>>> print(open('my_file16.cif').read())   # mmCIF, C-alpha atoms
data_work
loop_
_atom_site.group_PDB
_atom_site.id
_atom_site.type_symbol
_atom_site.label_atom_id
_atom_site.label_comp_id
_atom_site.auth_asym_id
_atom_site.auth_seq_id
_atom_site.Cartn_x
_atom_site.Cartn_y
_atom_site.Cartn_z
ATOM 1 C CA MET C 1 117.221 95.517 104.194
ATOM 2 C CA HIS C 2 118.083 99.209 104.119
ATOM 3 C CA GLU C 3 121.643 98.765 105.336
ATOM 4 C CA ALA C 4 122.324 95.880 102.937
ATOM 5 C CA GLU C 5 120.965 97.830 99.968
ATOM 6 C CA ALA C 6 122.999 100.889 100.932
ATOM 7 C CA ALA C 7 126.153 98.793 101.055
ATOM 8 C CA ALA C 8 125.342 97.397 97.606
ATOM 9 C CA GLN C 9 125.016 100.994 96.359
ATOM 10 C CA GLY C 10 128.296 102.097 97.925
ATOM 11 C CA LEU C 11 126.572 104.146 100.641
ATOM 12 C CA ARG C 12 126.970 104.199 104.423
ATOM 13 C CA LEU C 13 123.565 103.994 106.078
ATOM 14 C CA HIS C 14 122.473 103.324 109.664
ATOM 15 C CA TYR C 15 118.926 102.100 110.291
ATOM 16 C CA GLN C 16 117.819 102.162 113.938
ATOM 17 C CA LEU C 17 114.833 100.263 115.338
ATOM 18 C CA ILE C 18 112.695 102.321 117.737
ATOM 19 C CA ASP C 19 110.339 99.776 119.339
ATOM 20 C CA LEU C 20 107.521 101.289 121.391
ATOM 21 C CA ASP C 21 106.656 97.862 122.811
ATOM 22 C CA ARG C 22 109.954 97.768 124.685
ATOM 23 C CA THR C 23 109.080 100.854 126.706
ATOM 24 C CA GLY C 24 105.339 100.326 126.915
ATOM 25 C CA GLN C 25 104.654 103.540 124.998
ATOM 26 C CA GLY C 26 102.084 104.308 122.322
ATOM 27 C CA VAL C 27 101.303 107.047 119.824
ATOM 28 C CA GLU C 28 101.667 109.671 122.583
ATOM 29 C CA ALA C 29 105.446 109.248 122.228
ATOM 30 C CA LEU C 30 105.465 110.348 118.580
ATOM 31 C CA PRO C 31 106.092 114.109 119.074
ATOM 32 C CA MET C 32 109.122 113.409 121.257
ATOM 33 C CA LEU C 33 110.493 110.720 118.938
ATOM 34 C CA ILE C 34 110.104 112.833 115.799
ATOM 35 C CA GLY C 35 111.813 115.764 117.487
ATOM 36 C CA ALA C 36 114.651 113.558 118.723
ATOM 37 C CA ALA C 37 115.195 112.024 115.272
ATOM 38 C CA ARG C 38 115.437 115.480 113.707
ATOM 39 C CA THR C 39 117.851 116.655 116.380
ATOM 40 C CA MET C 40 120.077 113.615 115.866
ATOM 41 C CA GLY C 41 120.242 114.233 112.136
ATOM 42 C CA PHE C 42 118.311 111.216 110.865
ATOM 43 C CA ALA C 43 117.315 111.386 107.188
ATOM 44 C CA GLY C 44 113.862 110.148 108.096
ATOM 45 C CA LEU C 45 111.699 107.520 109.745
ATOM 46 C CA ASN C 46 109.624 104.549 108.761
ATOM 47 C CA ILE C 47 106.290 104.515 110.572
ATOM 48 C CA THR C 48 104.416 101.305 111.300
ATOM 49 C CA TYR C 49 101.443 100.012 113.288
ATOM 50 C CA PRO C 50 99.842 101.648 115.238
ATOM 51 C CA CYS C 51 101.252 105.075 114.311
ATOM 52 C CA LYS C 52 100.550 105.520 110.578
ATOM 53 C CA GLN C 53 97.544 107.784 111.039
ATOM 54 C CA ALA C 54 98.463 109.379 114.370
ATOM 55 C CA VAL C 55 101.700 110.767 112.907
ATOM 56 C CA MET C 56 99.992 112.786 110.150
ATOM 57 C CA PRO C 57 99.067 115.966 112.100
ATOM 58 C CA LEU C 58 102.614 116.125 113.498
ATOM 59 C CA LEU C 59 104.231 116.622 110.070
ATOM 60 C CA ASP C 60 104.850 119.817 108.102
ATOM 61 C CA GLU C 61 103.832 118.455 104.709
ATOM 62 C CA LEU C 62 102.094 115.417 103.222
ATOM 63 C CA SER C 63 102.503 113.940 99.759
ATOM 64 C CA ASP C 64 99.361 113.667 97.636
ATOM 65 C CA GLU C 65 99.531 109.883 98.066
ATOM 66 C CA ALA C 66 99.705 110.048 101.861
ATOM 67 C CA ARG C 67 96.905 112.603 102.051
ATOM 68 C CA GLU C 68 94.664 110.555 99.750
ATOM 69 C CA MET C 69 95.324 107.337 101.649
ATOM 70 C CA GLY C 70 95.030 108.945 105.075
ATOM 71 C CA ALA C 71 98.202 107.305 106.357
ATOM 72 C CA VAL C 72 101.979 107.822 106.437
ATOM 73 C CA ASN C 73 104.598 105.085 106.519
ATOM 74 C CA THR C 74 107.678 107.146 105.605
ATOM 75 C CA VAL C 75 108.823 110.513 106.972
ATOM 76 C CA VAL C 76 111.676 112.429 105.335
ATOM 77 C CA PHE C 77 113.458 115.361 106.995
ATOM 78 C CA ARG C 78 114.616 117.878 104.415
ATOM 79 C CA ASP C 79 115.333 121.625 104.498
ATOM 80 C CA GLY C 80 114.194 121.853 108.112
ATOM 81 C CA ARG C 81 110.778 120.350 107.413
ATOM 82 C CA SER C 82 109.158 116.937 107.881
ATOM 83 C CA HIS C 83 107.525 115.385 104.824
ATOM 84 C CA GLY C 84 105.075 112.457 105.087
ATOM 85 C CA HIS C 85 104.850 109.817 102.336
ATOM 86 C CA ASN C 86 103.170 106.456 101.838
ATOM 87 C CA THR C 87 104.903 103.589 100.029
ATOM 88 C CA ASP C 88 102.607 100.835 101.357
ATOM 89 C CA GLY C 89 100.238 100.773 98.391
ATOM 90 C CA SER C 90 102.941 100.667 95.731
ATOM 91 C CA GLY C 91 104.949 98.212 97.848
ATOM 92 C CA TRP C 92 102.012 95.845 98.247
ATOM 93 C CA ARG C 93 101.219 96.044 94.533
ATOM 94 C CA ARG C 94 104.790 95.270 93.500
ATOM 95 C CA GLY C 95 104.944 92.153 95.653
ATOM 96 C CA PHE C 96 101.439 90.994 94.747
ATOM 97 C CA GLU C 97 101.912 91.318 90.987
ATOM 98 C CA ARG C 98 105.264 89.518 91.123
ATOM 99 C CA THR C 99 103.866 86.663 93.239
ATOM 100 C CA LEU C 100 100.363 86.258 91.783
ATOM 101 C CA PRO C 101 100.508 87.626 88.225
ATOM 102 C CA GLY C 102 97.133 87.690 86.524
ATOM 103 C CA ALA C 103 95.181 87.237 89.764
ATOM 104 C CA ASP C 104 91.419 87.650 89.370
ATOM 105 C CA LEU C 105 90.335 91.045 90.764
ATOM 106 C CA ALA C 106 86.609 90.606 90.086
ATOM 107 C CA HIS C 107 85.571 90.603 93.748
ATOM 108 C CA VAL C 108 88.119 91.361 96.470
ATOM 109 C CA VAL C 109 87.563 91.292 100.237
ATOM 110 C CA LEU C 110 89.918 93.473 102.297
ATOM 111 C CA LEU C 111 90.153 92.902 106.046
ATOM 112 C CA GLY C 112 91.337 96.083 107.772
ATOM 113 C CA ALA C 113 90.562 99.717 106.978
ATOM 114 C CA GLY C 114 93.445 101.233 108.945
ATOM 115 C CA GLY C 115 96.665 102.718 107.613
ATOM 116 C CA ALA C 116 97.913 99.746 105.604
ATOM 117 C CA GLY C 117 94.428 98.708 104.545
ATOM 118 C CA SER C 118 93.662 102.170 103.224
ATOM 119 C CA ALA C 119 96.827 102.230 101.129
ATOM 120 C CA ILE C 120 96.133 98.778 99.699
ATOM 121 C CA ALA C 121 92.506 99.663 98.927
ATOM 122 C CA HIS C 122 93.667 102.498 96.685
ATOM 123 C CA ALA C 123 96.225 100.244 95.022
ATOM 124 C CA VAL C 124 93.819 97.409 94.259
ATOM 125 C CA LEU C 125 91.232 99.805 92.838
ATOM 126 C CA ARG C 126 93.881 101.349 90.585
ATOM 127 C CA MET C 127 94.704 97.818 89.426
ATOM 128 C CA GLY C 128 91.128 97.458 88.175
ATOM 129 C CA ALA C 129 89.272 95.602 90.940
ATOM 130 C CA ARG C 130 85.617 95.532 89.926
ATOM 131 C CA ALA C 131 84.246 95.128 93.463
ATOM 132 C CA LEU C 132 85.941 95.715 96.819
ATOM 133 C CA VAL C 133 84.396 94.885 100.188
ATOM 134 C CA LEU C 134 85.937 96.390 103.337
ATOM 135 C CA VAL C 135 85.685 94.739 106.749
ATOM 136 C CA ASP C 136 87.041 96.303 109.938
ATOM 137 C CA ALA C 137 86.746 95.722 113.669
ATOM 138 C CA ASP C 138 85.224 99.224 113.690
ATOM 139 C CA PRO C 139 82.319 99.019 111.196
ATOM 140 C CA ALA C 140 81.979 102.802 111.126
ATOM 141 C CA ARG C 141 85.595 103.157 109.988
ATOM 142 C CA ALA C 142 84.980 100.644 107.181
ATOM 143 C CA ALA C 143 81.875 102.538 106.081
ATOM 144 C CA GLU C 144 83.701 105.876 106.114
ATOM 145 C CA ALA C 145 86.604 104.410 104.167
ATOM 146 C CA ALA C 146 84.265 102.923 101.562
ATOM 147 C CA ALA C 147 82.513 106.263 101.075
ATOM 148 C CA ARG C 148 85.849 108.090 100.735
ATOM 149 C CA LEU C 149 87.174 105.561 98.222
ATOM 150 C CA ASN C 150 84.025 105.849 96.122
ATOM 151 C CA THR C 151 84.516 109.609 95.869
ATOM 152 C CA LEU C 152 88.107 109.147 94.658
ATOM 153 C CA HIS C 153 87.688 106.163 92.323
ATOM 154 C CA ALA C 154 85.092 105.870 89.579
ATOM 155 C CA GLY C 155 82.368 103.241 89.520
ATOM 156 C CA ALA C 156 81.119 103.081 93.133
ATOM 157 C CA ARG C 157 82.968 99.783 93.436
ATOM 158 C CA VAL C 158 83.467 99.772 97.223
ATOM 159 C CA ARG C 159 81.131 98.759 100.020
ATOM 160 C CA ALA C 160 81.548 97.922 103.689
ATOM 161 C CA ALA C 161 80.477 94.715 105.417
ATOM 162 C CA ALA C 162 79.993 94.224 109.147
ATOM 163 C CA ALA C 163 81.936 90.950 109.278
ATOM 164 C CA ALA C 164 84.034 88.691 107.075
ATOM 165 C CA ALA C 165 81.205 86.160 106.813
ATOM 166 C CA ASP C 166 78.944 88.895 105.410
ATOM 167 C CA ALA C 167 81.588 89.865 102.848
ATOM 168 C CA PHE C 168 81.792 86.262 101.650
ATOM 169 C CA ALA C 169 78.011 85.817 101.457
ATOM 170 C CA GLY C 170 75.992 86.492 98.340
ATOM 171 C CA PRO C 171 75.744 85.262 94.753
ATOM 172 C CA LEU C 172 79.213 86.473 93.734
ATOM 173 C CA PRO C 173 81.927 84.574 95.643
ATOM 174 C CA PRO C 174 85.114 86.542 96.342
ATOM 175 C CA SER C 175 88.003 85.931 93.984
ATOM 176 C CA GLY C 176 90.580 87.195 96.482
ATOM 177 C CA LEU C 177 91.198 88.077 100.122
ATOM 178 C CA ILE C 178 93.648 90.699 101.418
ATOM 179 C CA HIS C 179 94.460 90.670 105.112
ATOM 180 C CA ALA C 180 95.615 94.054 106.464
ATOM 181 C CA THR C 181 95.134 93.840 110.240
ATOM 182 C CA PRO C 182 97.704 93.018 112.982
ATOM 183 C CA THR C 183 96.089 89.644 113.722
ATOM 184 C CA GLY C 184 98.606 86.878 113.149
ATOM 185 C CA MET C 185 101.650 88.856 114.231
ATOM 186 C CA ASP C 186 103.920 87.160 116.783
ATOM 187 C CA LYS C 187 102.519 89.456 119.470
ATOM 188 C CA LEU C 188 98.889 89.057 118.282
ATOM 189 C CA PRO C 189 98.557 85.409 117.184
ATOM 190 C CA GLY C 190 95.351 84.062 115.704
ATOM 191 C CA MET C 191 93.146 83.999 112.613
ATOM 192 C CA PRO C 192 91.394 87.114 111.275
ATOM 193 C CA LEU C 193 88.417 85.098 109.972
ATOM 194 C CA ASP C 194 86.834 81.648 110.120
ATOM 195 C CA ALA C 195 89.029 79.250 108.131
ATOM 196 C CA ALA C 196 85.854 77.631 106.779
ATOM 197 C CA LEU C 197 85.418 80.673 104.513
ATOM 198 C CA LEU C 198 88.599 79.791 102.603
ATOM 199 C CA ARG C 199 88.186 77.660 99.484
ATOM 200 C CA PRO C 200 90.183 76.484 96.461
ATOM 201 C CA GLY C 201 90.326 79.151 93.760
ATOM 202 C CA LEU C 202 90.515 82.016 96.261
ATOM 203 C CA TRP C 203 93.843 83.861 96.380
ATOM 204 C CA VAL C 204 95.016 85.201 99.746
ATOM 205 C CA SER C 205 97.389 88.147 100.252
ATOM 206 C CA GLU C 206 98.851 88.621 103.738
ATOM 207 C CA ILE C 207 100.658 91.761 104.980
ATOM 208 C CA VAL C 208 101.895 90.369 108.319
ATOM 209 C CA TYR C 209 105.560 89.371 107.964
ATOM 210 C CA PHE C 210 106.512 88.457 111.553
ATOM 211 C CA PRO C 211 106.049 85.523 111.119
ATOM 212 C CA LEU C 212 106.123 84.999 107.352
ATOM 213 C CA GLU C 213 103.973 81.878 107.698
ATOM 214 C CA THR C 214 100.916 83.131 109.582
ATOM 215 C CA ALA C 215 97.993 81.000 110.713
ATOM 216 C CA LEU C 216 95.979 82.496 107.851
ATOM 217 C CA LEU C 217 98.526 81.458 105.223
ATOM 218 C CA LYS C 218 98.816 77.951 106.677
ATOM 219 C CA ALA C 219 95.045 77.535 106.535
ATOM 220 C CA ALA C 220 94.844 79.017 103.027
ATOM 221 C CA ARG C 221 97.546 76.718 101.659
ATOM 222 C CA ALA C 222 95.854 73.712 103.264
ATOM 223 C CA ARG C 223 92.661 74.584 101.390
ATOM 224 C CA GLY C 224 94.365 74.989 98.014
ATOM 225 C CA CYS C 225 94.479 78.799 97.855
ATOM 226 C CA ALA C 226 97.220 80.644 95.999
ATOM 227 C CA VAL C 227 98.995 82.875 98.531
ATOM 228 C CA CYS C 228 101.238 85.932 98.743
ATOM 229 C CA ASP C 229 103.084 86.389 102.045
ATOM 230 C CA GLY C 230 103.708 89.662 103.850
ATOM 231 C CA GLY C 231 107.423 89.640 103.104
ATOM 232 C CA THR C 232 106.732 90.785 99.546
ATOM 233 C CA MET C 233 105.071 93.979 100.790
ATOM 234 C CA ALA C 234 107.806 94.520 103.380
ATOM 235 C CA VAL C 235 110.384 94.539 100.592
ATOM 236 C CA GLY C 236 108.212 96.578 98.227
ATOM 237 C CA GLN C 237 107.499 99.407 100.658
ATOM 238 C CA ALA C 238 111.182 99.456 101.684
ATOM 239 C CA LEU C 239 112.223 100.101 98.075
ATOM 240 C CA GLY C 240 110.129 103.256 97.969
ATOM 241 C CA ALA C 241 111.312 104.382 101.401
ATOM 242 C CA PHE C 242 114.965 103.777 100.502
ATOM 243 C CA ALA C 243 114.618 105.979 97.434
ATOM 244 C CA LEU C 244 113.051 108.743 99.550
ATOM 245 C CA PHE C 245 115.717 108.522 102.283
ATOM 246 C CA THR C 246 118.641 108.568 99.840
#
>>> encode(input="my_file16.cif", output="structure tokens")
Amino acid sequence: MHEAEAAAQGLRLHYQLIDLDRTGQGVEALPMLIGAARTMGFAGLNITYPCKQAVMPLLDELSDEAREMGAVNTVVFRDGRSHGHNTDGSGWRRGFERTLPGADLAHVVLLGAGGAGSAIAHAVLRMGARALVLVDADPARAAEAAARLNTLHAGARVRAAAAAADAFAGPLPPSGLIHATPTGMDKLPGMPLDAALLRPGLWVSEIVYFPLETALLKAARARGCAVCDGGTMAVGQALGAFALFT
């Protein structure tokens, strides 16, 4: 995407994949990789799962957006310093609004309170969601995220639930579901919740884009849900990153 857009803009741009899975490394490799990228003269880095939060203390500066969201997905090297940004929230919103215009935000369930989930939570609250329920594999992280969001956004609209089934229970059925965990990726196949919870009238937004058609989206379509695939967010966040890099 980045190289094709650069060519369309009359620019020469090289975008290099650095895949930690190939070498069996994790977040412990970040200091070395950031240093190497600076030494080689890269304009910056995109940061993805599972490094979006681990990279933050390694950077010289953070944008207000990245600091508020508690995650970085774009690093820019400028004037000898590393600057952390987050384009996930704006990227998700752009794709969501283009795909599901006018979607009901009365009661939204968000699976995943990590880097991407945090960014999307801020975005959906800014869009006017009246109630947001967070679910995470680590219930304490969901509870902490809900408390933080309620201090930053008016109305005490956010709460945490221990499991997806709990988030769907109660007198007010969810109007929408956002999936922001790695489940469903090619390397982590599966469903992030019981498909029986899906029903017609519920919209489903997926952030996984390898593959574009995840098990969750297949199940949602089969049950008559309107859906937004993860490719829309992939493009949306890349637009913001491209502007920062260039």
>>> closest_residue(input="my_file16.cif", among="C:Pro192, C:Pro182, C:Gly236, C:Gly230", to="C:Thr48", atoms="only C-alpha atoms")
C:Pro182
>>> resolve_selection(input="my_file16.cif", expression="the PyMOL selection byres ((chain C and resi 196-209) around 6)", output="short mmCIF file (atom, residue, chain, number, x, y, z; two decimals) with C-alpha atoms, keeping the file's coordinate frame")
data_model
loop_
_atom_site.label_atom_id
_atom_site.label_comp_id
_atom_site.auth_asym_id
_atom_site.auth_seq_id
_atom_site.Cartn_x
_atom_site.Cartn_y
_atom_site.Cartn_z
CA SER C 175 88.00 85.93 93.98
CA GLY C 176 90.58 87.20 96.48
CA LEU C 177 91.20 88.08 100.12
CA ILE C 178 93.65 90.70 101.42
CA HIS C 179 94.46 90.67 105.11
CA ALA C 180 95.62 94.05 106.46
CA ASP C 194 86.83 81.65 110.12
CA ALA C 195 89.03 79.25 108.13
CA PHE C 210 106.51 88.46 111.55
CA PRO C 211 106.05 85.52 111.12
CA LEU C 212 106.12 85.00 107.35
CA ARG C 223 92.66 74.58 101.39
CA GLY C 224 94.36 74.99 98.01
CA CYS C 225 94.48 78.80 97.86
CA ALA C 226 97.22 80.64 96.00
CA VAL C 227 99.00 82.88 98.53
CA CYS C 228 101.24 85.93 98.74
CA ASP C 229 103.08 86.39 102.04
CA GLY C 230 103.71 89.66 103.85
CA GLY C 231 107.42 89.64 103.10
#
>>> closest_residue(input="my_file16.cif", among="C:Ala103, C:Gly112, C:Ala238, C:Arg94", to="C:Thr183", atoms="all atoms listed in the file")
C:Gly112
>>> residues_near_point(input="my_file16.cif", point="(111.1, 113.6, 107.1)", cutoff="8 Å", atoms="all atoms listed in the file", output="ChimeraX atom specification")
/C:43-45,74-78,81-84
>>> resolve_selection(input="my_file16.cif", expression="the PyMOL selection byres ((chain C and resi 17-28) around 8)", output="list in words")
Tyr15, Gln16, Ala29, Leu30, Pro31, Pro50, Cys51, Ala54 and Val55 of chain C
>>> resolve_selection(input="my_file16.cif", expression="the PyMOL selection byres ((chain C and resi 129) around 9)", output="NGL selection string")
:C and (104-108 or 124-128 or 130-132 or 157)
>>> write_last_selection(input="my_file16.cif", atoms="C-alpha atoms", output="CSV table (one decimal), in the frame of the given file")
chain,number,residue,atom,x,y,z
C,104,ASP,CA,91.4,87.6,89.4
C,105,LEU,CA,90.3,91.0,90.8
C,106,ALA,CA,86.6,90.6,90.1
C,107,HIS,CA,85.6,90.6,93.7
C,108,VAL,CA,88.1,91.4,96.5
C,124,VAL,CA,93.8,97.4,94.3
C,125,LEU,CA,91.2,99.8,92.8
C,126,ARG,CA,93.9,101.3,90.6
C,127,MET,CA,94.7,97.8,89.4
C,128,GLY,CA,91.1,97.5,88.2
C,130,ARG,CA,85.6,95.5,89.9
C,131,ALA,CA,84.2,95.1,93.5
C,132,LEU,CA,85.9,95.7,96.8
C,157,ARG,CA,83.0,99.8,93.4
